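A.B. asks: My structure file my_file.pdb, PDB, C-alpha atoms and all ligand atoms, is below:
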ATOM      1  CA  MET A 173      88.777 108.965  69.614
ATOM      2  CA  ALA A 174      90.682 106.167  71.249
ATOM      3  CA  SER A 175      88.371 103.597  69.650
ATOM      4  CA  LEU A 176      89.630 100.065  69.283
ATOM      5  CA  THR A 177      90.523  98.741  65.854
ATOM      6  CA  GLN A 178      88.826  95.718  64.325
ATOM      7  CA  ASP A 179      91.974  93.699  65.086
ATOM      8  CA  GLN A 180      91.876  94.712  68.733
ATOM      9  CA  LEU A 181      88.193  93.819  68.963
ATOM     10  CA  SER A 182      88.857  90.429  67.371
ATOM     11  CA  TYR A 183      91.662  89.794  69.874
ATOM     12  CA  PHE A 184      89.312  90.679  72.720
ATOM     13  CA  GLU A 185      86.611  88.370  71.382
ATOM     14  CA  GLU A 186      89.087  85.539  70.952
ATOM     15  CA  PHE A 187      90.984  85.802  74.240
ATOM     16  CA  GLY A 188      88.638  87.661  76.611
ATOM     17  CA  PHE A 189      91.162  90.359  77.464
ATOM     18  CA  LEU A 190      93.062  93.095  75.659
ATOM     19  CA  PRO A 191      96.014  95.254  76.697
ATOM     20  CA  VAL A 192      95.742  98.739  75.155
ATOM     21  CA  GLU A 193      98.764 101.008  75.455
ATOM     22  CA  ASN A 194      98.732 104.827  75.553
ATOM     23  CA  VAL A 195      95.017 105.330  76.046
ATOM     24  CA  PHE A 196      95.276 108.492  78.148
ATOM     25  CA  ASN A 197      97.898 110.985  79.220
ATOM     26  CA  PRO A 198      98.974 109.894  82.708
ATOM     27  CA  GLU A 199     100.141 113.415  83.543
ATOM     28  CA  GLU A 200      96.577 114.603  83.128
ATOM     29  CA  VAL A 201      94.631 111.637  84.452
ATOM     30  CA  THR A 202      96.512 109.528  86.986
ATOM     31  CA  ASP A 203      99.182 111.936  88.279
ATOM     32  CA  PRO A 204      96.447 114.170  89.758
ATOM     33  CA  VAL A 205      95.038 111.043  91.419
ATOM     34  CA  ILE A 206      98.466 110.325  92.901
ATOM     35  CA  GLU A 207      98.625 113.939  94.155
ATOM     36  CA  GLU A 208      95.230 113.533  95.741
ATOM     37  CA  TYR A 209      96.232 110.301  97.446
ATOM     38  CA  HIS A 210      99.205 112.072  99.049
ATOM     39  CA  THR A 211      96.691 114.083 101.058
ATOM     40  CA  VAL A 212      94.814 110.890 101.926
ATOM     41  CA  LEU A 213      98.007 109.299 103.194
ATOM     42  CA  ASP A 214      98.801 112.478 105.160
ATOM     43  CA  SER A 215      95.514 112.268 107.008
ATOM     44  CA  LEU A 216      95.865 108.533 107.578
ATOM     45  CA  ALA A 217      99.318 109.101 109.109
ATOM     46  CA  GLU A 218      97.995 111.984 111.182
ATOM     47  CA  GLU A 219      95.116 109.892 112.520
ATOM     48  CA  LEU A 220      97.167 106.790 113.279
ATOM     49  CA  PHE A 221      99.862 108.845 114.981
ATOM     50  CA  LYS A 222      97.295 110.612 117.152
ATOM     51  CA  GLU A 223      95.862 107.241 118.137
ATOM     52  CA  GLY A 224      99.347 106.037 119.079
ATOM     53  CA  LYS A 225      99.253 103.301 116.426
ATOM     54  CA  ILE A 226     102.425 104.418 114.627
ATOM     55  CA  SER A 227     105.716 105.708 116.049
ATOM     56  CA  SER A 228     106.083 108.562 113.542
ATOM     57  CA  LYS A 229     104.106 110.177 110.738
ATOM     58  CA  PHE A 230     106.988 109.273 108.396
ATOM     59  CA  GLN A 231     106.563 112.561 106.507
ATOM     60  CA  GLU A 232     110.113 112.319 105.158
ATOM     61  CA  LEU A 233     109.381 109.107 103.230
ATOM     62  CA  PRO A 234     108.078 108.982  99.642
ATOM     63  CA  PHE A 235     104.503 107.730  99.204
ATOM     64  CA  GLY A 236     105.210 104.020  98.685
ATOM     65  CA  LYS A 237     107.776 103.666 101.449
ATOM     66  CA  ARG A 238     105.615 105.686 103.818
ATOM     67  CA  LEU A 239     102.561 103.507 103.226
ATOM     68  CA  THR A 240     104.665 100.359 103.538
ATOM     69  CA  ARG A 241     106.074 101.554 106.873
ATOM     70  CA  ILE A 242     102.545 102.285 108.084
ATOM     71  CA  MET A 243     101.376  98.836 106.982
ATOM     72  CA  GLN A 244     104.281  97.285 108.861
ATOM     73  CA  GLU A 245     103.671  99.175 112.096
ATOM     74  CA  THR A 246      99.889  98.713 112.068
ATOM     75  CA  GLU A 247      99.970  95.204 110.540
ATOM     76  CA  ASP A 248      97.014  96.425 108.531
ATOM     77  CA  THR A 249      96.694  97.366 104.845
ATOM     78  CA  ASN A 250      94.491 100.358 105.763
ATOM     79  CA  ALA A 251      93.119  99.742 102.259
ATOM     80  CA  GLN A 252      89.627 101.012 103.022
ATOM     81  CA  TYR A 253      91.129 104.426 103.699
ATOM     82  CA  PHE A 254      91.981 104.794 100.020
ATOM     83  CA  ASP A 255      89.155 102.918  98.370
ATOM     84  CA  PHE A 256      86.352 104.501  96.359
ATOM     85  CA  SER A 257      83.919 101.836  97.465
ATOM     86  CA  LEU A 258      82.536 100.537 100.770
ATOM     87  CA  PRO A 259      82.748  97.313 102.761
ATOM     88  CA  PHE A 260      79.787  94.928 102.385
ATOM     89  CA  ALA A 261      79.171  94.645 106.116
ATOM     90  CA  GLY A 262      79.838  96.391 109.385
ATOM     91  CA  VAL A 263      79.966  99.908 107.942
ATOM     92  CA  THR A 264      79.963 102.629 110.616
ATOM     93  CA  LYS A 265      79.926 106.401 110.366
ATOM     94  CA  ASP A 266      83.700 106.235 110.875
ATOM     95  CA  THR A 267      84.375 103.829 107.995
ATOM     96  CA  PRO A 268      86.985 105.628 105.867
ATOM     97  CA  CYS A 269      86.751 105.934 102.066
ATOM     98  CA  TRP A 270      87.959 108.313  99.376
ATOM     99  CA  PHE A 271      85.762 109.843  96.679
ATOM    100  CA  GLY A 272      88.020 112.644  95.468
ATOM    101  CA  PRO A 273      87.577 114.755  92.308
ATOM    102  CA  ALA A 274      90.645 113.344  90.533
ATOM    103  CA  VAL A 275      89.301 109.813  91.026
ATOM    104  CA  PHE A 276      85.946 110.860  89.554
ATOM    105  CA  LYS A 277      87.680 112.484  86.588
ATOM    106  CA  ALA A 278      89.459 109.222  85.852
ATOM    107  CA  LEU A 279      86.125 107.364  85.901
ATOM    108  CA  VAL A 280      84.731 109.667  83.200
ATOM    109  CA  ASN A 281      87.918 110.074  81.164
ATOM    110  CA  GLU A 282      86.841 110.356  77.526
ATOM    111  CA  GLN A 283      89.669 108.210  76.158
ATOM    112  CA  ILE A 284      88.841 105.398  78.555
ATOM    113  CA  LEU A 285      85.155 105.735  77.654
ATOM    114  CA  ASP A 286      86.080 105.519  73.952
ATOM    115  CA  VAL A 287      87.671 102.129  74.608
ATOM    116  CA  VAL A 288      84.627 101.033  76.596
ATOM    117  CA  GLU A 289      82.260 102.275  73.872
ATOM    118  CA  SER A 290      84.074 100.147  71.295
ATOM    119  CA  VAL A 291      83.058  97.050  73.259
ATOM    120  CA  ILE A 292      79.692  97.767  74.884
ATOM    121  CA  GLY A 293      78.286 100.637  72.813
ATOM    122  CA  PRO A 294      77.689 104.343  73.457
ATOM    123  CA  GLU A 295      75.174 104.118  76.348
ATOM    124  CA  ILE A 296      77.631 103.603  79.188
ATOM    125  CA  TYR A 297      76.902 103.232  82.893
ATOM    126  CA  SER A 298      79.654 103.442  85.499
ATOM    127  CA  ASN A 299      79.158 100.239  87.505
ATOM    128  CA  PRO A 300      79.978 100.715  91.221
ATOM    129  CA  VAL A 301      82.169  97.595  91.408
ATOM    130  CA  GLN A 302      85.413  99.555  91.561
ATOM    131  CA  HIS A 303      88.618  99.614  93.595
ATOM    132  CA  VAL A 304      92.038 101.117  94.026
ATOM    133  CA  ARG A 305      94.775  98.629  94.922
ATOM    134  CA  ILE A 306      98.105  99.667  96.356
ATOM    135  CA  LYS A 307     100.471  96.747  96.908
ATOM    136  CA  PRO A 308     103.929  97.219  98.392
ATOM    137  CA  PRO A 309     106.770  94.839  97.506
ATOM    138  CA  GLU A 310     105.628  91.522  98.928
ATOM    139  CA  ARG A 311     108.772  90.860 100.958
ATOM    140  CA  GLU A 312     108.090  94.025 102.973
ATOM    141  CA  ILE A 313     104.496  93.198 103.805
ATOM    142  CA  PRO A 314     103.518  91.748 107.197
ATOM    143  CA  LYS A 315     101.885  88.315 107.187
ATOM    144  CA  ASN A 316      98.510  87.372 108.633
ATOM    145  CA  LYS A 317      97.843  84.443 110.959
ATOM    146  CA  ASN A 318      97.733  82.084 107.982
ATOM    147  CA  GLY A 319     101.216  83.109 106.916
ATOM    148  CA  GLN A 320      99.890  85.068 103.918
ATOM    149  CA  PRO A 321     100.952  88.646 103.136
ATOM    150  CA  ILE A 322      98.147  90.967 104.307
ATOM    151  CA  ILE A 323      97.960  92.238 100.738
ATOM    152  CA  GLY A 324      99.479  90.264  97.883
ATOM    153  CA  ALA A 325      98.723  88.469  94.644
ATOM    154  CA  THR A 326      95.044  88.328  93.710
ATOM    155  CA  ILE A 327      93.690  84.766  93.505
ATOM    156  CA  TRP A 328      91.934  83.275  90.440
ATOM    157  CA  HIS A 329      88.432  84.600  89.900
ATOM    158  CA  GLN A 330      85.976  85.875  87.319
ATOM    159  CA  ASP A 331      84.470  89.317  87.817
ATOM    160  CA  HIS A 332      81.087  87.815  86.942
ATOM    161  CA  GLY A 333      81.501  85.930  90.220
ATOM    162  CA  VAL A 334      81.642  89.096  92.327
ATOM    163  CA  VAL A 335      78.214  90.402  91.308
ATOM    164  CA  THR A 336      74.778  89.156  92.320
ATOM    165  CA  GLU A 337      72.658  86.859  90.099
ATOM    166  CA  ASN A 338      70.383  89.653  88.920
ATOM    167  CA  ALA A 339      73.292  90.883  86.767
ATOM    168  CA  ASP A 340      73.886  87.518  85.088
ATOM    169  CA  GLU A 341      72.865  88.912  81.702
ATOM    170  CA  THR A 342      74.676  92.238  82.144
ATOM    171  CA  ASN A 343      77.418  93.005  79.656
ATOM    172  CA  MET A 344      79.914  94.202  82.276
ATOM    173  CA  LEU A 345      83.384  95.212  81.125
ATOM    174  CA  THR A 346      86.360  95.498  83.491
ATOM    175  CA  VAL A 347      88.904  98.262  82.879
ATOM    176  CA  TRP A 348      92.157  97.869  84.816
ATOM    177  CA  PHE A 349      94.978 100.407  84.688
ATOM    178  CA  PRO A 350      98.179 101.100  86.604
ATOM    179  CA  LEU A 351      98.960 104.493  88.159
ATOM    180  CA  LEU A 352     102.649 103.586  88.033
ATOM    181  CA  ASP A 353     104.253 101.317  85.444
ATOM    182  CA  ALA A 354     103.390  97.712  86.222
ATOM    183  CA  PRO A 355     106.032  95.423  84.690
ATOM    184  CA  VAL A 356     105.785  91.674  85.353
ATOM    185  CA  GLU A 357     107.877  91.926  88.527
ATOM    186  CA  ALA A 358     105.502  94.512  90.026
ATOM    187  CA  GLY A 359     102.647  91.980  89.992
ATOM    188  CA  PRO A 360     100.295  93.035  87.190
ATOM    189  CA  LEU A 361      97.235  91.030  86.116
ATOM    190  CA  LYS A 362      97.524  87.458  84.913
ATOM    191  CA  VAL A 363      94.770  86.011  82.740
ATOM    192  CA  ALA A 364      93.701  82.666  81.326
ATOM    193  CA  PRO A 365      93.208  83.477  77.604
ATOM    194  CA  GLY A 366      89.927  82.208  76.163
ATOM    195  CA  SER A 367      88.469  81.274  79.547
ATOM    196  CA  HIS A 368      85.581  83.712  78.931
ATOM    197  CA  LYS A 369      84.201  81.234  76.396
ATOM    198  CA  GLY A 370      83.318  78.883  79.244
ATOM    199  CA  GLU A 371      80.693  79.257  81.932
ATOM    200  CA  LEU A 372      80.719  81.063  85.209
ATOM    201  CA  LEU A 373      82.966  78.751  87.257
ATOM    202  CA  THR A 374      82.538  77.785  90.889
ATOM    203  CA  HIS A 375      84.360  80.051  93.314
ATOM    204  CA  CYS A 376      85.332  78.028  96.395
ATOM    205  CA  ASN A 377      85.527  79.509  99.876
ATOM    206  CA  ASP A 378      88.596  78.581 101.950
ATOM    207  CA  TYR A 379      89.857  76.368  99.111
ATOM    208  CA  LYS A 380      93.616  76.710  99.647
ATOM    209  CA  ILE A 381      93.752  79.576 102.087
ATOM    210  CA  PRO A 382      91.311  80.148 104.955
ATOM    211  CA  GLY A 383      89.150  83.207 104.342
ATOM    212  CA  VAL A 384      90.007  83.369 100.646
ATOM    213  CA  ARG A 385      87.583  82.525  97.815
ATOM    214  CA  GLU A 386      89.021  81.307  94.523
ATOM    215  CA  ILE A 387      88.416  79.237  91.395
ATOM    216  CA  PRO A 388      90.258  75.886  91.702
ATOM    217  CA  GLU A 389      92.896  75.473  89.015
ATOM    218  CA  HIS A 390      91.412  72.159  87.855
ATOM    219  CA  LEU A 391      88.388  74.053  86.477
ATOM    220  CA  PHE A 392      90.280  76.002  83.784
ATOM    221  CA  ASP A 393      93.566  76.045  81.890
ATOM    222  CA  ALA A 394      95.736  77.609  84.579
ATOM    223  CA  ASP A 395      98.934  76.473  82.819
ATOM    224  CA  GLY A 396      97.993  78.590  79.813
ATOM    225  CA  ALA A 397      97.763  81.786  81.885
ATOM    226  CA  VAL A 398      99.805  84.811  80.854
ATOM    227  CA  PRO A 399     100.946  87.947  82.691
ATOM    228  CA  VAL A 400      99.683  91.289  81.359
ATOM    229  CA  PRO A 401     102.248  93.961  82.192
ATOM    230  CA  MET A 402     101.136  97.528  81.463
ATOM    231  CA  GLU A 403     102.706 100.964  81.557
ATOM    232  CA  ARG A 404     100.987 104.035  82.929
ATOM    233  CA  GLY A 405      98.586 105.550  80.434
ATOM    234  CA  GLY A 406      97.496 102.115  79.197
ATOM    235  CA  VAL A 407      94.536  99.956  80.199
ATOM    236  CA  VAL A 408      93.707  96.263  80.232
ATOM    237  CA  ILE A 409      90.121  95.322  79.479
ATOM    238  CA  LEU A 410      88.605  92.048  80.631
ATOM    239  CA  HIS A 411      85.449  90.148  79.706
ATOM    240  CA  LYS A 412      83.416  89.381  82.825
ATOM    241  CA  ARG A 413      83.993  85.633  82.513
ATOM    242  CA  THR A 414      87.759  85.788  81.868
ATOM    243  CA  VAL A 415      89.525  83.964  84.682
ATOM    244  CA  HIS A 416      92.203  86.218  86.123
ATOM    245  CA  GLY A 417      94.234  87.103  89.157
ATOM    246  CA  SER A 418      97.490  88.939  89.685
ATOM    247  CA  LEU A 419     101.129  88.098  90.254
ATOM    248  CA  SER A 420     103.088  88.894  93.408
ATOM    249  CA  ASN A 421     104.919  92.181  93.565
ATOM    250  CA  VAL A 422     108.579  91.169  93.660
ATOM    251  CA  SER A 423     109.802  94.620  92.578
ATOM    252  CA  GLU A 424     111.212  97.464  94.679
ATOM    253  CA  ASN A 425     108.174  99.699  94.207
ATOM    254  CA  ILE A 426     104.521  99.725  95.066
ATOM    255  CA  ARG A 427     102.094  98.341  92.507
ATOM    256  CA  TRP A 428      99.212 100.746  92.224
ATOM    257  CA  SER A 429      96.114 100.230  90.070
ATOM    258  CA  PHE A 430      92.474 101.125  89.551
ATOM    259  CA  ASP A 431      89.922  98.599  88.449
ATOM    260  CA  LEU A 432      86.683 100.024  87.103
ATOM    261  CA  ARG A 433      83.633  98.498  85.496
ATOM    262  CA  TYR A 434      81.097  99.696  82.986
ATOM    263  CA  ASN A 435      77.915  98.225  81.549
ATOM    264  CA  PRO A 436      75.262  99.338  79.083
ATOM    265  CA  THR A 437      72.895 101.781  80.813
ATOM    266  CA  GLY A 438      69.750 100.099  82.070
ATOM    267  CA  GLN A 439      71.306  96.720  82.802
ATOM    268  CA  PRO A 440      71.604  95.671  86.476
ATOM    269  CA  THR A 441      75.004  96.354  88.044
ATOM    270  CA  GLY A 442      74.926  93.341  90.365
ATOM    271  CA  ARG A 443      75.574  95.615  93.315
ATOM    272  CA  GLU A 444      72.363  97.628  93.299
ATOM    273  CA  ILE A 445      72.756  99.196  96.733
ATOM    274  CA  PHE A 446      75.909 101.008  95.611
ATOM    275  CA  PRO A 447      75.543 104.034  93.318
ATOM    276  CA  GLY A 448      76.533 104.175  89.663
ATOM    277  CA  PHE A 449      75.900 106.842  87.057
ATOM    278  CA  ILE A 450      75.579 107.498  83.335
ATOM    279  CA  ALA A 451      79.135 108.028  82.136
ATOM    280  CA  ARG A 452      78.303 108.502  78.462
ATOM    281  CA  SER A 453      75.161 108.756  76.387
ATOM    282  CA  LYS A 454      75.120 109.433  72.689
ATOM    283  CA  LYS A 455      71.323 109.265  72.784
ATOM    284  CA  ASP A 456      70.934 111.825  75.533
ATOM    285  CA  PRO A 457      74.205 113.684  76.252
ATOM    286  CA  ASP A 458      72.448 115.844  78.869
ATOM    287  CA  LYS A 459      72.203 112.767  81.058
ATOM    288  CA  GLU A 460      75.995 112.375  81.280
ATOM    289  CA  PHE A 461      76.877 112.825  84.920
ATOM    290  CA  ARG A 462      79.882 115.115  85.473
ATOM    291  CA  ASN A 463      79.529 116.396  89.016
ATOM    292  CA  ALA A 464      82.391 115.123  91.189
ATOM    293  CA  GLU A 465      80.950 116.645  94.354
ATOM    294  CA  LYS A 466      77.559 115.015  93.817
ATOM    295  CA  TRP A 467      79.250 111.697  93.064
ATOM    296  CA  LYS A 468      80.928 111.853  96.444
ATOM    297  CA  GLU A 469      77.595 112.735  98.067
ATOM    298  CA  THR A 470      75.837 109.721  96.535
ATOM    299  CA  TRP A 471      78.477 107.455  98.058
ATOM    300  CA  LEU A 472      78.371 109.184 101.447
ATOM    301  CA  LYS A 473      74.581 108.796 101.446
ATOM    302  CA  THR A 474      75.079 105.109 100.639
ATOM    303  CA  LYS A 475      77.539 104.854 103.501
ATOM    304  CA  GLU A 476      74.888 106.246 105.837
ATOM    305  CA  ILE A 477      72.395 103.637 104.616
ATOM    306  CA  MET A 478      74.994 100.879 105.004
ATOM    307  CA  THR A 479      75.427 101.766 108.697
ATOM    308  CA  THR A 480      71.942 100.290 109.192
ATOM    309  CA  LEU A 481      72.458  97.155 107.072
ATOM    310  CA  ASN A 482      74.559  93.990 107.283
ATOM    311  CA  GLN A 483      75.504  94.678 110.901
ATOM    312  CA  GLU A 484      76.656  92.089 113.440
ATOM    313  CA  GLY A 485      76.482  89.135 111.087
ATOM    314  CA  ASP A 486      73.034  90.034 109.719
ATOM    315  CA  SER A 487      72.608  89.746 106.010
ATOM    316  CA  ASP A 488      70.030  92.280 104.896
ATOM    317  CA  VAL A 489      71.592  92.857 101.483
ATOM    318  CA  SER A 490      73.409  90.197  99.521
ATOM    319  CA  PHE A 491      76.683  90.969  97.771
ATOM    320  CA  GLY A 492      77.571  87.492  96.618
ATOM    321  CA  ARG A 493      76.502  84.040  95.538
ATOM    322  CA  TRP A 494      79.077  81.611  96.840
ATOM    323  CA  ASP A 495      77.736  80.546 100.211
ATOM    324  CA  GLY A 496      77.307  76.813 100.505
ATOM    325  CA  GLU A 497      79.100  73.624  99.526
ATOM    326  CA  PHE A 498      80.074  72.765  95.972
ATOM    327  CA  PRO A 499      81.405  69.377  94.796
ATOM    328  CA  GLU A 500      84.137  71.095  92.702
ATOM    329  CA  CYS A 501      85.570  72.522  95.877
ATOM    330  CA  ALA A 502      86.207  69.205  97.627
TER     331      ALA A 502
HETATM  332  O1  LIG B 601      94.665  94.275  90.520
HETATM  333  C1  LIG B 601      94.472  93.150  91.003
HETATM  334  O2  LIG B 601      95.284  92.581  91.725
HETATM  335  C2  LIG B 601      93.208  92.430  90.694
HETATM  336  C3  LIG B 601      92.300  93.228  89.844
HETATM  337  C4  LIG B 601      91.084  92.479  89.405
HETATM  338  O3  LIG B 601      90.785  91.398  89.796
HETATM  339  C5  LIG B 601      90.224  93.155  88.435
HETATM  340  O4  LIG B 601      90.595  94.225  87.927
HETATM  341  O5  LIG B 601      89.127  92.641  88.181
HETATM  342 FE    FE B 602      88.858  90.810  89.016
END
Kindly return the structure encoded in the file as structure tokens.
C.D. replies:
Amino acid sequence: MASLTQDQLSYFEEFGFLPVENVFNPEEVTDPVIEEYHTVLDSLAEELFKEGKISSKFQELPFGKRLTRIMQETEDTNAQYFDFSLPFAGVTKDTPCWFGPAVFKALVNEQILDVVESVIGPEIYSNPVQHVRIKPPEREIPKNKNGQPIIGATIWHQDHGVVTENADETNMLTVWFPLLDAPVEAGPLKVAPGSHKGELLTHCNDYKIPGVREIPEHLFDADGAVPVPMERGGVVILHKRTVHGSLSNVSENIRWSFDLRYNPTGQPTGREIFPGFIARSKKDPDKEFRNAEKWKETWLKTKEIMTTLNQEGDSDVSFGRWDGEFPECA
């Protein structure tokens, strides 16, 4: 059991986040994910090369350098290609995504679930708010029309703010972990300790940067924020109201992480149209879902449904709550 100690739980309650080292064996959990993503990058390179969008498949380059080169030539992160989630709008049958078996295995890793159980109890639902993030060194990343790197530091937000209102009472826990060591210079998470004791804060659209939604720094103690570096095999857990973001990657290597979420089974996920599953049940172990192939199918089915929703500016399903004007954002 990788259960948390009383001291760790007290730290989490006090500060709203907790770094936990050596939770799982990265050779067994995340290295297979890295392997799997090599094949994803191979097919991305193949596809882009066929379409004439890149000058070479860059097979000779290691993963990080190869992806960076592809980002540079396409001026696109191609992030959706790797993600185990879907866009909120404009999904087509050609929208790429990755729901591989090694990713699924990480979602149901027993050591990670032990940590989660320590906080939310033994009836655990895998919430579909989940992403992979691969961020090259920032100085190598192309900029968008606003002069911002096309993928860079994550702005200030609370994860509570990314789910719909029906999940306001849900006890959602965020589990973040790096696939490669994430020292401070690689741009790990940064958190505002204790900010979870406040309310859900206003997230402002286009506050500093057009197209970006963030919590203004005057609404919380931004000066008190701390970086949370983590080595592979460790996880960082976050309370859903902890204000956090990430630092820029000023290292030589890519910064590669998963962020997953779990909540007690039966509580709304705040993203109901996307599929979740029972990751652990002490009450009814037969209900624990362990079929990687079926997991992929549930997402592909969802993708099919999404091709009929939220198209061409329509908003059939809501994914957020921050449309409108707020005085805090002025
Ligand atoms: O990894 C990042 O840059 C941001 C992750 C995040 O916001 C989260 O895990 O909730
Ligand atoms: Fe977040």
A.B. asks: Enter the distance from CA of Leu285 (chain A) to CA of Tyr434 (chain A), in Å, rounded to one decimal.
C.D. replies: 9.0 Å
A.B. asks: Please determine, counting all atoms listed in the file, which residue among A:Lys222, A:Lys265, A:Lys369, A:His411 has the shortest atom-to-atom distance to ligand FE 602 (chain B).
C.D. replies: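 For ligand FE 602 (chain B), the nearest of the given residues is A:His411.
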A.B. asks: When you look at region 463-468 of chain A with a cut-off of 8 Å (counting all atoms listed in the file), what residues show up, excluding the ones that are within fewer than 6 positions of it in the same chain? I need them as a list in words.
C.D. replies: Phe271, Gly272, Pro273, Phe276 and Lys277 of chain A
A.B. asks: Which residues would end up in the selection if the PyMOL selection byres (((chain A and resi 177-194) around 8) and not hetatm) were applied here, given that I need the answer as a ChimeraX atom specification?
C.D. replies: /A:175-176,195-197,290-291,363,365-369,400,402-411,413-414
A.B. asks: Determine the nearest neighbour of Glu208 (chain A) from the options A:Gly359, A:Asp353, A:Leu373, A:Ala274, counting only C-alpha atoms.
C.D. replies: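 Nearest candidate to Glu208 (chain A) out of A:Gly359, A:Asp353, A:Leu373, A:Ala274: A:Ala274.
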A.B. asks: Find the nearest atom pair between each residue of chain A and ligand LIG 601 (chain B) for residues within 8 Å, count all atoms listed in the file, give distances in Å to one decimal, sort rows by chain and ascending number, and present the table as a Markdown table.
C.D. replies:
| residue | atom | partner | partner_atom | distance |
| --- | --- | --- | --- | --- |
| A:Arg305 | CA | B:LIG601 | O1 | 6.2 |
| A:Gly324 | CA | B:LIG601 | O2 | 7.8 |
| A:Ala325 | CA | B:LIG601 | O2 | 6.1 |
| A:Thr326 | CA | B:LIG601 | O2 | 4.7 |
| A:His329 | CA | B:LIG601 | O3 | 7.2 |
| A:Gln330 | CA | B:LIG601 | O5 | 7.5 |
| A:Asp331 | CA | B:LIG601 | O5 | 5.7 |
| A:Thr346 | CA | B:LIG601 | O5 | 6.1 |
| A:Val347 | CA | B:LIG601 | O4 | 6.7 |
| A:Trp348 | CA | B:LIG601 | O4 | 5.0 |
| A:Gly359 | CA | B:LIG601 | O2 | 7.6 |
| A:Pro360 | CA | B:LIG601 | O1 | 6.7 |
| A:Leu361 | CA | B:LIG601 | C1 | 6.0 |
| A:Leu410 | CA | B:LIG601 | O5 | 7.6 |
| A:His416 | CA | B:LIG601 | O3 | 6.5 |
| A:Gly417 | CA | B:LIG601 | O3 | 5.5 |
| A:Ser418 | CA | B:LIG601 | O2 | 4.7 |
| A:Leu419 | CA | B:LIG601 | O2 | 7.5 |
| A:Ser429 | CA | B:LIG601 | O1 | 6.1 |
| A:Phe430 | CA | B:LIG601 | O1 | 7.3 |
| A:Asp431 | CA | B:LIG601 | O4 | 4.5 |
| A:Leu432 | CA | B:LIG601 | O4 | 7.0 |
A.B. asks: Interatomic distance between CA of Phe235 (chain A) and CA of Ile322 (chain A)?
C.D. replies: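 Taking CA of Phe235 (chain A) and CA of Ile322 (chain A), their separation equals 18.6 Å.
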A.B. asks: Could you write out as number ranges by chain the residues that the PyMOL selection byres (((chain A and resi 320) around 12) and not hetatm) matches in the shown file?
C.D. replies: A: 310-311, 313-319, 321-326, 380-384, 420
A.B. asks: Can you work out the spacing between CA of Glu223 (chain A) and CA of Arg238 (chain A) in Å, to one decimal?
C.D. replies: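 Between CA of Glu223 (chain A) and CA of Arg238 (chain A) the gap is 17.4 Å.
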